[in-house]
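All remarks here apply to the structure that follows.
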Amino acid sequence: MAADDLVITDLEGNKLSGRRNPSSELAMHLLIYRRRPDINAVCHAHPPVATGYASAGLALNKAILAELVLSLGCIPVARYGTPGTPELTDAIEPLVQSYDAILMANHGVVTYGADLLSAFFRMETTEHFALVALVTELLGKQVLLSGGDVEKLLAARARYGGQTAAPTTSECPVTSDASETSDASGAERITLTRRELESLIDEAIQKERSRLQRFCNLD
Ligand SMILES: [Zn+2]
């Protein structure tokens, strides 16, 4: 792409200059500029790992990297909307105010910032974090930071004049405190040793056997 491929529009999307037509995702860009007066650049791409998470409907919201808690906080997934239609802007609209990076289900990623480099680096950070998260999934183990660790990071972020967005809630970021009793969906989890599991299965088989025996005896 060269400089003269760029198209300039106003905030209503009317073309002001350029020999090409604006992107079919113009409405998404305009929505972000309208909702976030602090934003001067929007970056939209389809990086493979983060887009994989988007297509799996998985948010990047676990406290596994200190750097991410400090920078983007959490990266939510917006529900699917047909590209280039109001469905897509409706899907991301509720998230634009609170986050600086959004996964778009079955599509890609959008990030934004005060200038072009911040928006671009947020896209890079999102893909990097998705890759690290994927590696922890492949290794079969994720060690989450605790709520206390996250609080310390957030205090540091405030001290260094951190980001405008990136709110924290019980689901963002998910810490080790939350994961001990529940997963991201809030479902309860328990951990059993192999022996405990085997004895539970044995017990169930025994019960079923004696039930069948009683049934046969009656017959
Ligand atoms: Zn796209």
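Residues in the structure tokens are named by chain (A, B, ... in the order shown) and by number from 1 within that chain; ligands are numbered from 1 in the order shown.
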
Taking only C-alpha atoms and all ligand atoms into account, which residues have an atom no farther than 10 Å from ligand 1? I'd like them as JSON, numbers by chain.
{"A": [23, 24, 25, 44, 45, 46, 82, 83, 84, 104, 106, 107, 108, 109, 110]}

Which of region 13-183 of chain A fall in strand (DSSP E or B), as an mmCIF file with all heavy atoms, in the first residue's frame:
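See result-v5.cif below for the written result:
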```cif
data_model
loop_
_atom_site.group_PDB
_atom_site.id
_atom_site.type_symbol
_atom_site.label_atom_id
_atom_site.label_comp_id
_atom_site.auth_asym_id
_atom_site.auth_seq_id
_atom_site.Cartn_x
_atom_site.Cartn_y
_atom_site.Cartn_z
ATOM 1 N N LYS A 15 -16.433 10.977 1.554
ATOM 2 C CA LYS A 15 -15.065 10.996 1.032
ATOM 3 C C LYS A 15 -14.634 12.419 0.716
ATOM 4 O O LYS A 15 -15.341 13.159 0.036
ATOM 5 C CB LYS A 15 -15.022 10.127 -0.237
ATOM 6 C CG LYS A 15 -13.657 10.024 -0.851
ATOM 7 C CD LYS A 15 -13.627 8.873 -1.839
ATOM 8 C CE LYS A 15 -12.788 9.226 -3.046
ATOM 9 N NZ LYS A 15 -12.795 8.130 -4.032
ATOM 10 N N LEU A 16 -13.467 12.804 1.239
ATOM 11 C CA LEU A 16 -12.951 14.151 0.992
ATOM 12 C C LEU A 16 -11.847 14.126 -0.065
ATOM 13 O O LEU A 16 -11.745 15.034 -0.867
ATOM 14 C CB LEU A 16 -12.406 14.758 2.293
ATOM 15 C CG LEU A 16 -13.418 14.890 3.444
ATOM 16 C CD1 LEU A 16 -12.768 15.492 4.675
ATOM 17 C CD2 LEU A 16 -14.615 15.745 3.011
ATOM 18 N N SER A 17 -11.000 13.073 -0.013
ATOM 19 C CA SER A 17 -9.976 12.960 -1.054
ATOM 20 C C SER A 17 -9.489 11.526 -1.164
ATOM 21 O O SER A 17 -9.739 10.708 -0.280
ATOM 22 C CB SER A 17 -8.797 13.905 -0.757
ATOM 23 O OG SER A 17 -8.085 13.424 0.352
ATOM 24 N N ALA A 41 -6.360 6.896 16.054
ATOM 25 C CA ALA A 41 -5.955 5.882 15.065
ATOM 26 C C ALA A 41 -6.605 4.548 15.412
ATOM 27 O O ALA A 41 -6.720 4.191 16.586
ATOM 28 C CB ALA A 41 -4.444 5.733 15.049
ATOM 29 N N VAL A 42 -7.058 3.848 14.377
ATOM 30 C CA VAL A 42 -7.702 2.543 14.547
ATOM 31 C C VAL A 42 -6.965 1.548 13.662
ATOM 32 O O VAL A 42 -6.634 1.862 12.515
ATOM 33 C CB VAL A 42 -9.193 2.601 14.122
ATOM 34 C CG1 VAL A 42 -9.840 1.223 14.186
ATOM 35 C CG2 VAL A 42 -9.969 3.589 14.990
ATOM 36 N N CYS A 43 -6.684 0.376 14.212
ATOM 37 C CA CYS A 43 -5.971 -0.650 13.450
ATOM 38 C C CYS A 43 -6.841 -1.902 13.411
ATOM 39 O O CYS A 43 -7.244 -2.417 14.454
ATOM 40 C CB CYS A 43 -4.649 -0.929 14.172
ATOM 41 S SG CYS A 43 -3.578 -2.063 13.303
ATOM 42 N N HIS A 44 -7.181 -2.387 12.214
ATOM 43 C CA HIS A 44 -7.993 -3.596 12.088
ATOM 44 C C HIS A 44 -7.216 -4.622 11.276
ATOM 45 O O HIS A 44 -6.671 -4.294 10.227
ATOM 46 C CB HIS A 44 -9.327 -3.272 11.413
ATOM 47 C CG HIS A 44 -10.091 -4.496 11.008
ATOM 48 N ND1 HIS A 44 -10.413 -5.482 11.912
ATOM 49 C CD2 HIS A 44 -10.572 -4.892 9.815
ATOM 50 C CE1 HIS A 44 -11.062 -6.447 11.282
ATOM 51 N NE2 HIS A 44 -11.176 -6.116 10.002
ATOM 52 N N ALA A 45 -7.110 -5.856 11.800
ATOM 53 C CA ALA A 45 -6.358 -6.892 11.085
ATOM 54 C C ALA A 45 -6.914 -8.259 11.461
ATOM 55 O O ALA A 45 -7.813 -8.365 12.309
ATOM 56 C CB ALA A 45 -4.873 -6.794 11.443
ATOM 57 N N LEU A 60 -9.360 -13.043 25.701
ATOM 58 C CA LEU A 60 -8.006 -13.096 26.277
ATOM 59 C C LEU A 60 -8.084 -12.333 27.591
ATOM 60 O O LEU A 60 -7.797 -11.130 27.645
ATOM 61 C CB LEU A 60 -7.006 -12.474 25.299
ATOM 62 C CG LEU A 60 -6.756 -13.309 24.038
ATOM 63 C CD1 LEU A 60 -6.058 -12.493 22.967
ATOM 64 C CD2 LEU A 60 -5.945 -14.555 24.378
ATOM 65 N N LYS A 62 -7.244 -13.791 30.917
ATOM 66 C CA LYS A 62 -6.636 -14.425 32.082
ATOM 67 C C LYS A 62 -5.352 -13.710 32.467
ATOM 68 O O LYS A 62 -4.561 -13.336 31.599
ATOM 69 C CB LYS A 62 -6.364 -15.900 31.797
ATOM 70 C CG LYS A 62 -7.661 -16.683 31.691
ATOM 71 C CD LYS A 62 -7.386 -18.134 31.539
ATOM 72 C CE LYS A 62 -8.692 -18.883 31.285
ATOM 73 N NZ LYS A 62 -8.433 -20.182 30.678
ATOM 74 N N ILE A 75 -8.869 -8.515 26.871
ATOM 75 C CA ILE A 75 -9.305 -8.329 25.485
ATOM 76 C C ILE A 75 -10.566 -9.171 25.295
ATOM 77 O O ILE A 75 -10.494 -10.401 25.241
ATOM 78 C CB ILE A 75 -8.181 -8.750 24.509
ATOM 79 C CG1 ILE A 75 -6.893 -7.992 24.854
ATOM 80 C CG2 ILE A 75 -8.609 -8.493 23.069
ATOM 81 C CD1 ILE A 75 -5.649 -8.528 24.188
ATOM 82 N N VAL A 77 -14.294 -10.606 23.592
ATOM 83 C CA VAL A 77 -14.752 -11.025 22.253
ATOM 84 C C VAL A 77 -16.108 -10.387 22.000
ATOM 85 O O VAL A 77 -17.043 -10.583 22.789
ATOM 86 C CB VAL A 77 -14.978 -12.552 22.156
ATOM 87 C CG1 VAL A 77 -15.178 -12.970 20.697
ATOM 88 C CG2 VAL A 77 -13.846 -13.332 22.772
ATOM 89 N N ALA A 78 -16.218 -9.658 20.900
ATOM 90 C CA ALA A 78 -17.525 -9.134 20.485
ATOM 91 C C ALA A 78 -18.232 -10.228 19.692
ATOM 92 O O ALA A 78 -17.579 -10.981 18.968
ATOM 93 C CB ALA A 78 -17.334 -7.901 19.608
ATOM 94 N N ALA A 101 -8.665 -2.959 22.900
ATOM 95 C CA ALA A 101 -8.471 -4.014 21.895
ATOM 96 C C ALA A 101 -9.671 -4.944 22.003
ATOM 97 O O ALA A 101 -10.103 -5.268 23.111
ATOM 98 C CB ALA A 101 -7.182 -4.783 22.166
ATOM 99 N N ILE A 102 -10.233 -5.335 20.868
ATOM 100 C CA ILE A 102 -11.420 -6.195 20.865
ATOM 101 C C ILE A 102 -11.225 -7.313 19.846
ATOM 102 O O ILE A 102 -10.818 -7.056 18.705
ATOM 103 C CB ILE A 102 -12.689 -5.378 20.488
ATOM 104 C CG1 ILE A 102 -12.919 -4.235 21.491
ATOM 105 C CG2 ILE A 102 -13.924 -6.283 20.417
ATOM 106 C CD1 ILE A 102 -14.038 -3.274 21.080
ATOM 107 N N LEU A 103 -11.505 -8.560 20.278
ATOM 108 C CA LEU A 103 -11.550 -9.677 19.326
ATOM 109 C C LEU A 103 -12.941 -9.658 18.707
ATOM 110 O O LEU A 103 -13.935 -9.478 19.407
ATOM 111 C CB LEU A 103 -11.338 -11.018 20.038
ATOM 112 C CG LEU A 103 -10.060 -11.196 20.857
ATOM 113 C CD1 LEU A 103 -10.017 -12.600 21.468
ATOM 114 C CD2 LEU A 103 -8.825 -10.956 20.012
ATOM 115 N N MET A 104 -13.020 -9.837 17.393
ATOM 116 C CA MET A 104 -14.311 -9.842 16.697
ATOM 117 C C MET A 104 -14.575 -11.277 16.283
ATOM 118 O O MET A 104 -13.827 -11.838 15.466
ATOM 119 C CB MET A 104 -14.228 -8.918 15.487
ATOM 120 C CG MET A 104 -13.899 -7.474 15.893
ATOM 121 S SD MET A 104 -13.027 -6.608 14.597
ATOM 122 C CE MET A 104 -14.396 -6.357 13.456
ATOM 123 N N GLY A 108 -11.717 -11.174 13.279
ATOM 124 C CA GLY A 108 -10.372 -10.637 13.467
ATOM 125 C C GLY A 108 -10.267 -9.802 14.723
ATOM 126 O O GLY A 108 -10.900 -10.112 15.734
ATOM 127 N N VAL A 109 -9.482 -8.749 14.640
ATOM 128 C CA VAL A 109 -9.180 -7.948 15.827
ATOM 129 C C VAL A 109 -9.238 -6.471 15.449
ATOM 130 O O VAL A 109 -8.891 -6.106 14.327
ATOM 131 C CB VAL A 109 -7.743 -8.260 16.344
ATOM 132 C CG1 VAL A 109 -7.444 -7.505 17.635
ATOM 133 C CG2 VAL A 109 -7.537 -9.759 16.546
ATOM 134 N N VAL A 110 -9.670 -5.636 16.387
ATOM 135 C CA VAL A 110 -9.537 -4.192 16.195
ATOM 136 C C VAL A 110 -8.886 -3.604 17.449
ATOM 137 O O VAL A 110 -9.200 -4.004 18.566
ATOM 138 C CB VAL A 110 -10.895 -3.514 15.856
ATOM 139 C CG1 VAL A 110 -11.919 -3.620 16.988
ATOM 140 C CG2 VAL A 110 -10.682 -2.055 15.490
ATOM 141 N N THR A 111 -7.905 -2.717 17.227
ATOM 142 C CA THR A 111 -7.246 -2.020 18.336
ATOM 143 C C THR A 111 -7.213 -0.539 17.982
ATOM 144 O O THR A 111 -7.358 -0.177 16.809
ATOM 145 C CB THR A 111 -5.794 -2.513 18.541
ATOM 146 O OG1 THR A 111 -5.049 -2.256 17.342
ATOM 147 C CG2 THR A 111 -5.720 -3.994 18.861
ATOM 148 N N TYR A 112 -7.024 0.316 18.971
ATOM 149 C CA TYR A 112 -7.005 1.749 18.687
ATOM 150 C C TYR A 112 -6.172 2.453 19.747
ATOM 151 O O TYR A 112 -5.907 1.896 20.811
ATOM 152 C CB TYR A 112 -8.421 2.335 18.592
ATOM 153 C CG TYR A 112 -9.453 1.615 19.439
ATOM 154 C CD1 TYR A 112 -9.779 2.063 20.706
ATOM 155 C CD2 TYR A 112 -10.076 0.451 18.960
ATOM 156 C CE1 TYR A 112 -10.717 1.384 21.485
ATOM 157 C CE2 TYR A 112 -11.001 -0.232 19.733
ATOM 158 C CZ TYR A 112 -11.320 0.228 20.986
ATOM 159 O OH TYR A 112 -12.224 -0.448 21.759
ATOM 160 N N GLY A 113 -5.743 3.685 19.409
ATOM 161 C CA GLY A 113 -4.888 4.409 20.341
ATOM 162 C C GLY A 113 -4.848 5.890 20.026
ATOM 163 O O GLY A 113 -5.468 6.348 19.048
ATOM 164 N N THR A 169 -12.751 -6.282 36.646
ATOM 165 C CA THR A 169 -13.930 -6.821 37.307
ATOM 166 C C THR A 169 -13.550 -8.224 37.751
ATOM 167 O O THR A 169 -12.417 -8.652 37.536
ATOM 168 C CB THR A 169 -15.111 -6.924 36.324
ATOM 169 O OG1 THR A 169 -14.742 -7.850 35.297
ATOM 170 C CG2 THR A 169 -15.440 -5.588 35.694
ATOM 171 N N CYS A 172 -12.311 -9.934 34.812
ATOM 172 C CA CYS A 172 -11.280 -9.274 34.008
ATOM 173 C C CYS A 172 -10.291 -8.564 34.890
ATOM 174 O O CYS A 172 -10.648 -7.562 35.486
ATOM 175 C CB CYS A 172 -11.916 -8.293 33.037
ATOM 176 S SG CYS A 172 -10.701 -7.303 32.170
ATOM 177 N N VAL A 174 -9.104 -12.648 34.883
ATOM 178 C CA VAL A 174 -9.367 -13.820 35.713
ATOM 179 C C VAL A 174 -8.069 -14.172 36.451
ATOM 180 O O VAL A 174 -7.038 -14.387 35.809
ATOM 181 C CB VAL A 174 -9.827 -15.012 34.849
ATOM 182 C CG1 VAL A 174 -10.023 -16.250 35.713
ATOM 183 C CG2 VAL A 174 -11.115 -14.659 34.123
ATOM 184 N N SER A 182 -13.757 -21.843 40.299
ATOM 185 C CA SER A 182 -14.620 -21.809 39.123
ATOM 186 C C SER A 182 -13.802 -21.497 37.885
ATOM 187 O O SER A 182 -12.712 -20.958 37.970
ATOM 188 C CB SER A 182 -15.702 -20.755 39.307
ATOM 189 O OG SER A 182 -15.103 -19.487 39.366
#
```

In Å, how far is it from CA of Gly148 (chain A) to CA of Val49 (chain A)?
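Answer for the CA of Gly148 (chain A) to CA of Val49 (chain A) separation: 29.3 Å.
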
Restricting the calculation to only C-alpha atoms: of A:Gly13, A:Glu203, A:Leu68, A:His29, which residue gets closest to Val132 (chain A)?
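Using only C-alpha atoms, Val132 (chain A) sits closest to A:Leu68.
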